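Participant: So here's work-v8.txt (compact mmCIF, C-alpha atoms (C1' of nucleotides)).
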```txt
# COMPACT_ATOMS: atom_id res chain seq x y z
CA MET D 179 -1.01 -18.66 -34.55
CA ALA D 180 -1.82 -16.37 -31.72
CA PHE D 181 -5.40 -15.26 -31.33
CA THR D 182 -6.16 -11.71 -32.40
CA PHE D 183 -9.44 -9.86 -32.62
CA GLN D 184 -9.61 -10.56 -36.34
CA SER D 185 -8.75 -14.21 -36.51
CA LYS D 186 -11.55 -16.63 -37.24
CA HIS D 187 -9.66 -19.52 -35.79
CA ASP D 188 -10.31 -23.19 -35.14
CA HIS D 189 -11.04 -22.89 -31.47
CA GLY D 190 -11.11 -26.62 -30.88
CA ARG D 191 -7.53 -26.79 -32.04
CA CYS D 192 -6.79 -23.71 -29.92
CA ILE D 193 -7.93 -25.52 -26.77
CA ARG D 194 -6.19 -28.79 -27.61
CA GLN D 195 -2.94 -26.96 -28.25
CA ALA D 196 -3.24 -25.05 -24.98
CA LEU D 197 -3.95 -28.23 -23.04
CA ALA D 198 -1.01 -30.05 -24.63
CA THR D 199 1.37 -27.20 -23.85
CA ALA D 200 0.12 -26.95 -20.29
CA ASP D 201 0.53 -30.69 -19.88
CA ASN D 202 4.13 -30.53 -21.07
CA ILE D 203 4.96 -27.64 -18.79
CA CYS D 204 3.54 -29.43 -15.77
CA VAL D 205 5.40 -32.64 -16.59
CA GLU D 206 8.68 -30.77 -17.08
CA ARG D 207 8.27 -29.07 -13.72
CA GLY D 208 7.06 -32.14 -11.85
CA GLN D 209 3.74 -30.47 -11.17
CA ARG D 210 0.52 -32.43 -11.02
CA PHE D 211 -1.95 -31.41 -13.69
CA THR D 212 -4.86 -33.08 -11.90
CA LYS D 213 -8.32 -33.66 -13.32
CA ILE D 214 -9.83 -30.65 -11.69
CA ARG D 215 -6.96 -28.39 -12.71
CA LYS D 216 -7.27 -29.66 -16.24
CA LEU D 217 -11.01 -29.11 -16.14
CA VAL D 218 -10.67 -25.54 -14.90
CA PHE D 219 -7.97 -24.88 -17.46
CA GLY D 220 -10.26 -26.16 -20.20
CA LEU D 221 -13.14 -24.05 -18.95
CA ILE D 222 -10.98 -20.95 -18.96
CA TRP D 223 -9.96 -21.74 -22.53
CA GLN D 224 -13.55 -22.22 -23.67
CA SER D 225 -13.47 -18.65 -24.87
CA HIS D 226 -11.14 -15.74 -25.28
CA LYS D 227 -13.20 -13.78 -22.80
CA PRO D 228 -11.94 -13.41 -19.27
CA LEU D 229 -14.26 -15.42 -17.03
CA GLY D 230 -15.09 -14.90 -13.37
CA ALA D 231 -14.32 -17.70 -10.92
CA TYR D 232 -17.99 -18.09 -10.07
CA GLU D 233 -18.90 -18.52 -13.72
CA LEU D 234 -16.92 -21.75 -13.74
CA LEU D 235 -18.66 -23.34 -10.76
CA PRO D 236 -21.74 -24.72 -12.57
CA ALA D 237 -19.57 -26.61 -15.07
CA ILE D 238 -17.42 -27.92 -12.24
CA LYS D 239 -20.52 -29.17 -10.49
CA LYS D 240 -21.77 -30.73 -13.72
CA ALA D 241 -18.48 -32.60 -14.03
CA GLY D 242 -19.10 -34.15 -10.63
CA PHE D 243 -16.62 -32.18 -8.55
CA ASN D 244 -17.25 -30.24 -5.41
CA SER D 245 -18.32 -26.83 -6.58
CA ALA D 246 -17.67 -24.67 -3.55
CA PRO D 247 -15.58 -21.57 -4.28
CA PRO D 248 -12.30 -22.93 -2.84
CA THR D 249 -12.29 -25.64 -5.49
CA VAL D 250 -12.09 -23.22 -8.36
CA TYR D 251 -9.86 -20.71 -6.60
CA ARG D 252 -7.32 -23.41 -5.77
CA ALA D 253 -7.20 -24.60 -9.34
CA LEU D 254 -6.88 -21.00 -10.55
CA ASP D 255 -4.12 -20.32 -8.03
CA PHE D 256 -2.20 -23.31 -9.27
CA LEU D 257 -2.66 -22.32 -12.90
CA GLN D 258 -1.53 -18.77 -12.16
CA GLU D 259 1.55 -20.00 -10.29
CA GLN D 260 2.46 -22.06 -13.32
CA GLY D 261 1.89 -19.08 -15.59
CA LEU D 262 -0.88 -20.89 -17.45
CA VAL D 263 -3.62 -18.44 -16.57
CA HIS D 264 -3.69 -14.73 -15.86
CA ARG D 265 -5.96 -12.76 -13.63
CA ILE D 266 -7.37 -9.60 -15.17
CA SER D 267 -7.67 -7.56 -12.03
CA SER D 268 -9.73 -4.77 -13.49
CA LEU D 269 -12.41 -7.38 -14.27
CA ASN D 270 -11.93 -9.85 -11.42
CA ALA D 271 -11.66 -12.45 -14.12
CA PHE D 272 -9.28 -15.03 -15.51
CA ILE D 273 -7.97 -15.85 -18.95
CA GLY D 274 -5.61 -18.39 -20.44
CA CYS D 275 -2.02 -17.29 -20.99
CA ALA D 276 -1.31 -16.84 -24.68
CA HIS D 277 2.37 -17.82 -24.43
CA PRO D 278 3.10 -19.83 -21.33
CA GLY D 279 6.76 -20.39 -20.67
CA HIS D 280 7.86 -16.97 -21.96
CA GLN D 281 8.67 -14.27 -19.46
CA CYS D 282 8.14 -11.14 -21.53
CA SER D 283 6.11 -8.08 -20.59
CA SER D 284 2.68 -8.71 -21.93
CA CYS D 285 -0.38 -6.57 -21.90
CA PHE D 286 -4.05 -7.22 -22.37
CA LEU D 287 -6.31 -5.41 -24.77
CA ILE D 288 -9.82 -5.85 -23.47
CA CYS D 289 -12.90 -4.92 -25.44
CA ASP D 290 -15.60 -3.54 -23.19
CA GLN D 291 -18.26 -4.36 -25.77
CA CYS D 292 -17.69 -7.96 -26.94
CA GLU D 293 -15.59 -8.75 -23.85
CA LEU D 294 -12.84 -10.43 -25.83
CA ALA D 295 -9.32 -10.00 -24.51
CA VAL D 296 -6.06 -10.40 -26.39
CA GLU D 297 -2.67 -10.76 -24.80
CA VAL D 298 0.06 -8.90 -26.65
CA GLU D 299 3.80 -9.15 -26.16
CA SER D 300 5.83 -6.08 -26.92
CA ASP D 301 9.54 -5.43 -26.69
CA ARG D 302 8.97 -1.71 -26.79
CA LEU D 303 6.59 -1.98 -23.87
CA GLU D 304 9.10 -4.06 -21.97
CA GLU D 305 11.80 -1.47 -22.66
CA ALA D 306 9.57 1.39 -21.56
CA ILE D 307 8.81 -0.38 -18.31
CA ASN D 308 12.45 -1.24 -17.74
CA ASP D 309 13.26 2.44 -18.20
CA ILE D 310 10.70 3.47 -15.65
CA THR D 311 11.69 0.94 -13.03
CA GLN D 312 15.41 1.64 -13.47
CA ASP D 313 14.86 5.38 -13.21
CA MET D 314 13.01 4.87 -9.96
CA GLY D 315 15.33 2.18 -8.58
CA PHE D 316 12.40 -0.19 -8.46
CA VAL D 317 12.54 -3.97 -8.80
CA ALA D 318 9.50 -5.28 -10.65
CA GLU D 319 8.07 -8.62 -9.57
CA ARG D 320 4.83 -8.72 -11.49
CA GLU D 321 2.90 -6.49 -13.81
CA HIS D 322 -0.72 -5.83 -14.53
CA ILE D 323 -1.11 -4.03 -17.82
CA GLU D 324 -4.68 -3.82 -18.97
CA ILE D 325 -5.98 -1.58 -21.71
CA VAL D 326 -9.73 -1.35 -21.97
CA GLY D 327 -11.53 -0.01 -25.02
CA LYS D 328 -13.04 -1.06 -28.32
CA CYS D 329 -11.65 -3.89 -30.42
CA PRO D 330 -11.50 -3.40 -34.21
CA ASN D 331 -14.73 -5.32 -34.75
CA CYS D 332 -16.79 -3.42 -32.21
CA LYS D 333 -15.21 -0.15 -33.23
CA LEU D 334 -16.51 -0.66 -36.79
CA LYS D 335 -19.96 -1.95 -35.93
CA PRO D 336 -21.69 1.41 -35.35
CA ILE D 337 -20.07 2.78 -38.51
CA LEU D 338 -21.20 -0.17 -40.61
CA GLU D 339 -24.69 0.03 -39.17
CA ALA D 340 -24.91 3.74 -39.95
CA ALA D 341 -23.78 2.99 -43.53
CA GLY D 342 -26.45 0.27 -43.76
CA LYS D 343 -29.13 2.75 -42.73
CA ASN D 344 -28.06 5.27 -45.32
CA GLU D 345 -28.44 2.71 -48.09
CA GLN D 346 -32.11 2.15 -47.37
CA MET U 23 7.66 18.31 -6.63
CA ALA U 24 6.16 14.96 -7.36
CA PHE U 25 6.41 12.32 -4.70
CA THR U 26 8.97 9.58 -5.29
CA PHE U 27 10.07 6.73 -3.08
CA GLN U 28 13.09 8.73 -1.97
CA SER U 29 11.61 12.10 -1.22
CA LYS U 30 11.25 13.04 2.40
CA HIS U 31 8.63 15.60 1.66
CA ASP U 32 6.44 17.99 3.63
CA HIS U 33 3.31 15.91 3.48
CA GLY U 34 1.12 18.59 5.01
CA ARG U 35 1.98 20.80 2.08
CA CYS U 36 1.44 17.85 -0.23
CA ILE U 37 -2.16 17.47 0.95
CA ARG U 38 -2.89 21.21 0.92
CA GLN U 39 -1.60 21.46 -2.63
CA ALA U 40 -3.67 18.49 -3.76
CA LEU U 41 -6.78 19.92 -2.14
CA ALA U 42 -6.24 23.32 -3.72
CA THR U 43 -5.74 21.80 -7.17
CA ALA U 44 -8.79 19.60 -6.80
CA ASP U 45 -10.82 22.58 -5.69
CA ASN U 46 -9.77 24.56 -8.75
CA ILE U 47 -10.57 21.70 -11.09
CA CYS U 48 -14.02 21.27 -9.64
CA VAL U 49 -14.75 25.00 -9.80
CA GLU U 50 -13.57 25.18 -13.43
CA ARG U 51 -15.82 22.29 -14.37
CA GLY U 52 -18.81 23.42 -12.37
CA GLN U 53 -18.61 20.30 -10.22
CA ARG U 54 -19.53 20.33 -6.56
CA PHE U 55 -16.62 19.52 -4.29
CA THR U 56 -18.89 18.83 -1.33
CA LYS U 57 -17.81 18.31 2.28
CA ILE U 58 -17.88 14.56 2.08
CA ARG U 59 -16.03 14.47 -1.25
CA LYS U 60 -13.43 16.78 0.19
CA LEU U 61 -13.19 14.63 3.31
CA VAL U 62 -12.71 11.43 1.29
CA PHE U 63 -10.21 13.17 -0.94
CA GLY U 64 -8.25 14.27 2.12
CA LEU U 65 -8.36 10.79 3.62
CA ILE U 66 -7.03 9.29 0.40
CA TRP U 67 -4.23 11.85 0.45
CA GLN U 68 -3.32 11.08 4.07
CA SER U 69 -0.69 8.76 2.74
CA HIS U 70 0.93 7.65 -0.46
CA LYS U 71 -0.37 4.15 0.11
CA PRO U 72 -3.41 2.99 -1.80
CA LEU U 73 -6.26 2.65 0.70
CA GLY U 74 -9.29 0.37 0.58
CA ALA U 75 -12.74 1.94 0.60
CA TYR U 76 -13.61 0.26 3.88
CA GLU U 77 -10.49 1.66 5.52
CA LEU U 78 -11.93 5.13 5.10
CA LEU U 79 -15.26 4.41 6.77
CA PRO U 80 -14.17 4.86 10.42
CA ALA U 81 -12.82 8.34 9.72
CA ILE U 82 -15.99 9.21 7.83
CA LYS U 83 -18.03 8.11 10.82
CA LYS U 84 -15.80 10.10 13.15
CA ALA U 85 -16.41 13.19 11.04
CA GLY U 86 -20.13 12.76 11.63
CA PHE U 87 -21.19 11.48 8.24
CA ASN U 88 -23.12 8.39 7.43
CA SER U 89 -20.56 5.67 7.16
CA ALA U 90 -22.33 3.02 5.13
CA PRO U 91 -20.37 1.79 2.12
CA PRO U 92 -22.33 3.74 -0.50
CA THR U 93 -21.17 6.97 1.09
CA VAL U 94 -17.53 6.30 0.45
CA TYR U 95 -18.06 4.61 -2.91
CA ARG U 96 -20.06 7.55 -4.20
CA ALA U 97 -17.39 9.98 -3.19
CA LEU U 98 -14.71 7.76 -4.74
CA ASP U 99 -16.75 7.44 -7.94
CA PHE U 100 -17.00 11.19 -8.19
CA LEU U 101 -13.30 11.65 -7.55
CA GLN U 102 -12.42 9.04 -10.15
CA GLU U 103 -14.72 10.63 -12.73
CA GLN U 104 -12.94 13.91 -12.17
CA GLY U 105 -9.56 12.21 -12.47
CA LEU U 106 -8.63 13.18 -8.93
CA VAL U 107 -8.28 9.64 -7.63
CA HIS U 108 -7.25 6.37 -9.24
CA ARG U 109 -8.33 2.87 -8.42
CA ILE U 110 -5.51 0.33 -8.19
CA SER U 111 -7.41 -2.70 -9.33
CA SER U 112 -4.81 -5.26 -8.35
CA LEU U 113 -5.21 -4.05 -4.75
CA ASN U 114 -8.87 -3.02 -4.70
CA ALA U 115 -7.61 0.26 -3.38
CA PHE U 116 -7.57 3.94 -4.18
CA ILE U 117 -4.87 6.59 -4.39
CA GLY U 118 -4.74 10.27 -5.19
CA CYS U 119 -3.83 11.22 -8.74
CA ALA U 120 -0.35 12.69 -8.90
CA HIS U 121 -1.08 15.02 -11.81
CA PRO U 122 -4.78 15.70 -12.20
CA GLY U 123 -5.70 17.50 -15.37
CA HIS U 124 -3.07 15.79 -17.52
CA GLN U 125 -4.14 12.99 -19.81
CA CYS U 126 -0.87 11.11 -20.28
CA SER U 127 -0.30 7.39 -19.89
CA SER U 128 0.71 6.87 -16.33
CA CYS U 129 1.70 3.79 -14.48
CA PHE U 130 1.92 2.86 -10.84
CA LEU U 131 4.93 1.40 -9.12
CA ILE U 132 3.64 -0.37 -6.04
CA CYS U 133 5.91 -1.67 -3.30
CA ASP U 134 4.56 -4.91 -1.87
CA GLN U 135 6.58 -4.39 1.30
CA CYS U 136 6.01 -0.80 2.47
CA GLU U 137 2.84 -0.48 0.37
CA LEU U 138 3.80 2.90 -1.04
CA ALA U 139 2.73 3.60 -4.60
CA VAL U 140 4.14 6.15 -7.00
CA GLU U 141 2.49 7.31 -10.18
CA VAL U 142 4.90 7.80 -13.04
CA GLU U 143 4.27 9.47 -16.38
CA SER U 144 6.26 8.25 -19.33
CA ASP U 145 6.25 9.29 -22.95
CA ARG U 146 8.00 6.10 -23.96
CA LEU U 147 5.34 4.05 -22.23
CA GLU U 148 2.66 6.06 -23.96
CA GLU U 149 4.34 5.48 -27.32
CA ALA U 150 4.69 1.76 -26.68
CA ILE U 151 1.01 1.50 -25.87
CA ASN U 152 0.03 3.58 -28.88
CA ASP U 153 2.07 1.21 -31.02
CA ILE U 154 0.30 -1.81 -29.61
CA THR U 155 -3.19 -0.43 -29.93
CA GLN U 156 -2.58 0.86 -33.46
CA ASP U 157 -1.12 -2.48 -34.54
CA MET U 158 -4.21 -4.23 -33.26
CA GLY U 159 -6.70 -1.64 -34.49
CA PHE U 160 -7.80 -1.09 -30.93
CA VAL U 161 -9.19 2.11 -29.45
CA ALA U 162 -8.06 2.56 -25.87
CA GLU U 163 -10.47 4.13 -23.44
CA ARG U 164 -8.72 3.56 -20.15
CA GLU U 165 -5.59 1.89 -18.89
CA HIS U 166 -4.57 0.05 -15.79
CA ILE U 167 -0.80 -0.21 -15.60
CA GLU U 168 0.40 -1.49 -12.28
CA ILE U 169 3.88 -2.75 -11.55
CA VAL U 170 4.31 -4.51 -8.24
CA GLY U 171 7.68 -5.13 -6.65
CA LYS U 172 10.21 -3.61 -4.26
CA CYS U 173 10.80 0.11 -3.95
CA PRO U 174 14.40 1.32 -3.62
CA ASN U 175 14.11 1.63 0.16
CA CYS U 176 12.74 -1.84 0.77
CA LYS U 177 15.08 -3.31 -1.80
CA LEU U 178 18.04 -2.01 0.21
CA LYS U 179 16.80 -2.88 3.69
CA PRO U 180 17.85 -6.55 3.73
CA ILE U 181 21.26 -5.61 2.29
CA LEU U 182 21.83 -2.91 4.90
CA GLU U 183 20.71 -5.23 7.69
CA ALA U 184 23.10 -7.93 6.54
CA ALA U 185 25.91 -5.38 6.48
CA GLY U 186 24.97 -4.29 10.01
CA LYS U 187 25.21 -7.87 11.25
CA ASN U 188 28.64 -8.33 9.75
CA GLU U 189 29.95 -5.34 11.64
CA GLN U 190 29.17 -6.80 15.04
C1' DG J 261 -40.63 30.59 -2.94
C1' DA J 262 -42.01 26.52 -5.83
C1' DT J 263 -40.02 23.15 -8.69
C1' DA J 264 -36.53 20.35 -10.46
C1' DT J 265 -32.12 18.26 -9.80
C1' DA J 266 -28.29 16.53 -7.44
C1' DA J 267 -26.38 14.63 -3.40
C1' DA J 268 -26.46 12.04 0.80
C1' DG J 269 -28.85 8.77 4.11
C1' DT J 270 -30.40 4.14 4.79
C1' DT J 271 -31.28 -0.78 4.39
C1' DA J 272 -30.40 -4.77 2.18
C1' DT J 273 -27.85 -7.73 -0.62
C1' DA J 274 -24.74 -9.08 -4.49
C1' DA J 275 -20.18 -10.49 -6.01
C1' DT J 276 -15.62 -11.95 -5.06
C1' DA J 277 -12.37 -14.33 -2.20
C1' DT J 278 -10.28 -16.79 1.80
C1' DA J 279 -9.74 -19.26 6.48
C1' DA J 280 -9.77 -23.42 8.77
C1' DC J 281 -10.20 -28.03 9.39
C1' DA J 282 -11.51 -32.87 7.70
C1' DA J 283 -11.19 -36.42 4.33
C1' DT J 284 -8.99 -38.33 0.57
C1' DT J 285 -5.45 -39.33 -2.69
C1' DA J 286 -0.69 -39.63 -4.22
C1' DT J 287 4.24 -40.08 -3.19
C1' DT J 288 8.26 -41.65 -0.66
C1' DG J 289 11.22 -44.56 1.97
C1' DC J 290 11.58 -48.77 3.77
C1' DG C 138 3.57 -54.04 -0.51
C1' DC C 139 2.90 -50.97 3.41
C1' DA C 140 3.40 -47.42 6.75
C1' DA C 141 4.56 -42.59 6.99
C1' DT C 142 4.41 -38.29 4.77
C1' DA C 143 2.92 -34.82 1.79
C1' DA C 144 -0.20 -32.91 -1.43
C1' DT C 145 -4.73 -32.34 -2.97
C1' DT C 146 -9.59 -31.98 -2.52
C1' DG C 147 -14.01 -31.67 0.25
C1' DT C 148 -16.66 -28.94 3.33
C1' DT C 149 -18.44 -25.29 6.21
C1' DA C 150 -18.24 -20.84 7.44
C1' DT C 151 -17.07 -16.23 6.84
C1' DA C 152 -14.37 -12.14 5.23
C1' DT C 153 -13.93 -8.51 1.87
C1' DT C 154 -15.39 -5.52 -1.71
C1' DA C 155 -19.10 -3.35 -4.12
C1' DT C 156 -23.83 -2.11 -5.65
C1' DA C 157 -29.13 -1.84 -5.90
C1' DA C 158 -33.04 0.54 -4.56
C1' DC C 159 -35.53 3.64 -2.21
C1' DT C 160 -35.88 7.76 1.13
C1' DT C 161 -34.54 12.09 2.75
C1' DT C 162 -32.10 16.30 2.48
C1' DA C 163 -29.72 19.97 0.26
C1' DT C 164 -28.77 22.83 -3.78
C1' DA C 165 -29.74 25.14 -8.10
C1' DT C 166 -33.09 27.14 -11.41
C1' DC C 167 -36.84 29.56 -12.72
```
Is it possible to express this structure as structure tokens?

Facilitator:
Amino acid sequence: MAFTFQSKHDHGRCIRQALATADNICVERGQRFTKIRKLVFGLIWQSHKPLGAYELLPAIKKAGFNSAPPTVYRALDFLQEQGLVHRISSLNAFIGCAHPGHQCSSCFLICDQCELAVEVESDRLEEAINDITQDMGFVAEREHIEIVGKCPNCKLKPILEAAGKNEQ
Amino acid sequence: MAFTFQSKHDHGRCIRQALATADNICVERGQRFTKIRKLVFGLIWQSHKPLGAYELLPAIKKAGFNSAPPTVYRALDFLQEQGLVHRISSLNAFIGCAHPGHQCSSCFLICDQCELAVEVESDRLEEAINDITQDMGFVAEREHIEIVGKCPNCKLKPILEAAGKNEQ
DNA sequence: GATATAAAGTTATAATATAACAATTATTGC
DNA sequence: GCAATAATTGTTATATTATAACTTTATATC
């Protein structure tokens, strides 16, 4: 099941699944899912928070690879080209693609408190964007749709805390 | 009239209008539209291409102001807070807001060839995003919706050129 | 006009990303 | 298998974008 803000999921399984899917995609396309690309992919999938490229470098070093910036940027470039990872440009950060292979308009909901990000596919969104581009005679090549705010958990926290105080 | 990719508009008028509107907004809100803020605003409005902060520095220097980065970033921060300028995060660049004052979901169509960007308001887009956020229990605070591709002019150029060749 | 506040000047540096070339590893054709 | 080729990774240096921190100047308030 896709990750949402609510789901208390088995993240180990989440990573394994993502790695298996990525592996298949690379094999199908004759692309080399090398050790370092796999490592970076795994690091990105460590969490559902978008991570900065430089945050990955220590772990890359620990794993015995060269840990200069080009190392991680190359792996990230490859993963983006294969649609396995997205760049969240408003954060200068990277996150695993929730549904690699698909080619549907997706958007990211990004919590500015807990930093979790969820990728959501939406037909209505896709239609709205098709409308806009057709009206303007524009040919879309790529999209960056990022909505920043409060996720359901963080939205409720201050309310729950206030309720807790009142009880005392 | 709003700028579109097609419109051959009177850009002088375009800038004057934008400046007048910005001036009004600042007066209404008791905000100080200082010389340097006005200068940066005007520089941003020089074109309908998103401009990088560092691209503005030479003109700021020429105008006799301090041209260290904080100067331009402060002005841009102010203009963004007032909703007079937007940051296009996929380009690390800034562009004038096409309809300051409004608070409707807008998206940018950005041509990766001629670099022009057009801000489009869309009720359908707004509805689609409301759907998504409500489904997820998310509270949106700000949005970055950027669609990169080919504008109608640049889309047609290769076709017209090919036709021209055939005629010879 | 003195005081408080906001804005701008200034210096230094942080954070993010890429260029360019060398060394290594994998693939291909023989 | 082995040379030739292509792809990947290592390495050094540097470009680009943005902010921190403190000083000075200008503006608003009383």

Participant: Go through D:His277, D:Arg252, D:His226, D:Lys240 and flag the residue nearest Ile203 in chain D, using all atoms listed in the file for the distances.

Facilitator: D:His277

Participant: Tell me as a list in words which residues belonging to chain D come within 9 Å of chain C, counting only C-alpha atoms (C1' of nucleotides).

Facilitator: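 Residues of chain D within 9 Å of chain C, counting only C-alpha atoms (C1' of nucleotides): Thr212, Asn244, Ala246 and Thr249 of chain D.
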
Participant: Do me a favour and pick out the residues of chain D within 9 Å of chain U, using all atoms listed in the file, as JSON, numbers by chain.

Facilitator: {"D": [182, 183, 184, 266, 267, 268, 269, 270, 285, 287, 288, 289, 298, 299, 300, 301, 302, 303, 304, 305, 306, 307, 309, 310, 311, 314, 315, 316, 317, 318, 319, 320, 321, 322, 323, 324, 325, 326, 327, 328, 329, 330, 331, 333]}

Participant: For chain J, which residue out of D:Ala196, D:Pro247, D:Lys213, D:His189 is the nearest one, using all atoms listed in the file?

Facilitator: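 Smallest distance to chain J is found for D:Pro247.
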
Participant: Work out how far apart CA of Arg51 in chain U and CA of Glu141 in chain U are and give it in Å to one decimal.

Facilitator: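 Calculated distance between CA of Arg51 in chain U and CA of Glu141 in chain U is 24.0 Å.
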
Participant: Dump as a ChimeraX atom specification the residues of chain D that approach chain J to within 9 Å, counting all atoms listed in the file.

Facilitator: /D:230-232,247-248,251,270

Participant: Taking all atoms listed in the file into account, name the residue in D:Ala200, D:Ile214, D:Leu334, D:Cys275 that is nearest to Ala237 in chain D.

Facilitator: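 Among the listed residues, D:Ile214 lies closest to Ala237 in chain D.
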
Participant: What does the distance from CA of Gln68 in chain U to CA of Ile37 in chain U come to in Å, to one decimal?

Facilitator: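 Rounded to one decimal, the two atoms are 7.2 Å apart.
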
Participant: CA of Gly342 in chain D and CA of Asp157 in chain U are how many Å apart?

Facilitator: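 If I compute the distance from CA of Gly342 in chain D to CA of Asp157 in chain U, I get 27.1 Å.
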
Participant: Any idea what's packed within 12 Å of Glu50 in chain U, counting only C-alpha atoms (C1' of nucleotides), ignoring anything in its chain fewer than 6 positions away? Could you give it as a PyMOL selection string?

Facilitator: chain U and resi 43-44+104+123

Participant: Have range 71-83 of chain U completed to N, CA and C atoms, please, and pass it along as an mmCIF file, in the frame of the given file.

Facilitator:
```cif
data_model
loop_
_atom_site.group_PDB
_atom_site.id
_atom_site.type_symbol
_atom_site.label_atom_id
_atom_site.label_comp_id
_atom_site.auth_asym_id
_atom_site.auth_seq_id
_atom_site.Cartn_x
_atom_site.Cartn_y
_atom_site.Cartn_z
ATOM 1 N N LYS U 71 -0.020 5.556 0.258
ATOM 2 C CA LYS U 71 -0.370 4.150 0.110
ATOM 3 C C LYS U 71 -1.802 4.062 -0.424
ATOM 4 N N PRO U 72 -2.028 3.203 -1.376
ATOM 5 C CA PRO U 72 -3.410 2.990 -1.800
ATOM 6 C C PRO U 72 -4.231 2.468 -0.619
ATOM 7 N N LEU U 73 -5.419 3.032 -0.426
ATOM 8 C CA LEU U 73 -6.260 2.650 0.700
ATOM 9 C C LEU U 73 -7.552 2.018 0.196
ATOM 10 N N GLY U 74 -8.020 1.008 0.915
ATOM 11 C CA GLY U 74 -9.290 0.370 0.580
ATOM 12 C C GLY U 74 -10.452 1.250 1.003
ATOM 13 N N ALA U 75 -11.560 1.118 0.303
ATOM 14 C CA ALA U 75 -12.740 1.940 0.600
ATOM 15 C C ALA U 75 -13.177 1.764 2.051
ATOM 16 N N TYR U 76 -13.141 0.536 2.517
ATOM 17 C CA TYR U 76 -13.610 0.260 3.880
ATOM 18 C C TYR U 76 -12.666 0.815 4.940
ATOM 19 N N GLU U 77 -11.436 1.061 4.574
ATOM 20 C CA GLU U 77 -10.490 1.660 5.520
ATOM 21 C C GLU U 77 -10.842 3.108 5.822
ATOM 22 N N LEU U 78 -11.603 3.726 4.924
ATOM 23 C CA LEU U 78 -11.930 5.130 5.100
ATOM 24 C C LEU U 78 -13.168 5.329 5.981
ATOM 25 N N LEU U 79 -13.966 4.266 6.100
ATOM 26 C CA LEU U 79 -15.260 4.410 6.770
ATOM 27 C C LEU U 79 -15.152 4.906 8.216
ATOM 28 N N PRO U 80 -14.233 4.382 9.034
ATOM 29 C CA PRO U 80 -14.170 4.860 10.420
ATOM 30 C C PRO U 80 -13.963 6.370 10.511
ATOM 31 N N ALA U 81 -13.071 6.898 9.680
ATOM 32 C CA ALA U 81 -12.820 8.340 9.720
ATOM 33 C C ALA U 81 -14.035 9.120 9.247
ATOM 34 N N ILE U 82 -14.772 8.551 8.322
ATOM 35 C CA ILE U 82 -15.990 9.210 7.830
ATOM 36 C C ILE U 82 -17.026 9.258 8.942
ATOM 37 N N LYS U 83 -17.104 8.163 9.680
ATOM 38 C CA LYS U 83 -18.030 8.110 10.820
ATOM 39 C C LYS U 83 -17.621 9.149 11.861
#
```
